[in-house]
Amino acid sequence: MTYNEQEEKVIDKIISAIVDCKSLEAVQTIPAPALELTFPRLEIRQSQYRVFQDGEEISLTRLEYSTIHTDTDF
């Protein structure tokens, strides 16, 4: 990838701002909760995109999985 002189200056400023930013040291990451849904005879492991019925994995297409996937970002 190549940059023209103006783009390179902008990138250098961005990098300088990131390096100079002291608040980055205080940032903590919070792990996302494990998203597993459990029902009688059915388990949906959203973090792994896997579904189990009676302990056996069910093979689903992307479209099939998306119909049962719950979006927890409200």
# chains A, B, ... in the order shown; residues from 1 in each chain; ligands from 1
>>> residues_around(residues="Gln48 of chain A", least_positions_apart="3", cutoff="10 Å", atoms="only C-alpha atoms", output="PyMOL selection string")
chain A and resi 34-36+44-45+51
>>> atom_distance(atom1="atom CA of Ile58 of chain A", atom2="atom CA of Glu43 of chain A")
10.1 Å
>>> residues_around(residues="Arg62 of chain A", least_positions_apart="6", cutoff="12 Å", atoms="only C-alpha atoms", output="VMD selection string")
chain A and resid 49 to 51 68 to 69
>>> write_last_selection(atoms="N, CA, C and O atoms", output="tab-separated table (two decimals), in the first residue's frame")
chain	number	residue	atom	x	y	z
A	49	TYR	N	-21.59	-20.71	17.54
A	49	TYR	CA	-22.49	-20.92	16.39
A	49	TYR	C	-22.81	-22.41	16.23
A	49	TYR	O	-22.76	-22.96	15.13
A	50	ARG	N	-23.14	-23.05	17.36
A	50	ARG	CA	-23.43	-24.48	17.33
A	50	ARG	C	-24.73	-24.75	18.06
A	50	ARG	O	-25.07	-24.06	19.02
A	51	VAL	N	-25.44	-25.79	17.61
A	51	VAL	CA	-26.71	-26.19	18.21
A	51	VAL	C	-26.64	-27.69	18.50
A	51	VAL	O	-26.17	-28.47	17.68
A	68	ILE	N	-32.57	-18.82	14.22
A	68	ILE	CA	-32.73	-19.08	15.65
A	68	ILE	C	-31.80	-18.23	16.51
A	68	ILE	O	-31.96	-18.17	17.72
A	69	HIS	N	-30.87	-17.55	15.90
A	69	HIS	CA	-29.90	-16.73	16.64
A	69	HIS	C	-30.61	-15.52	17.24
A	69	HIS	O	-31.39	-14.86	16.58
>>> atom_distance(atom1="atom CA of Glu57 of chain A", atom2="atom CA of Arg41 of chain A")
11.5 Å
>>> atom_distance(atom1="atom CA of Ser59 of chain A", atom2="atom CA of Gln46 of chain A")
14.0 Å
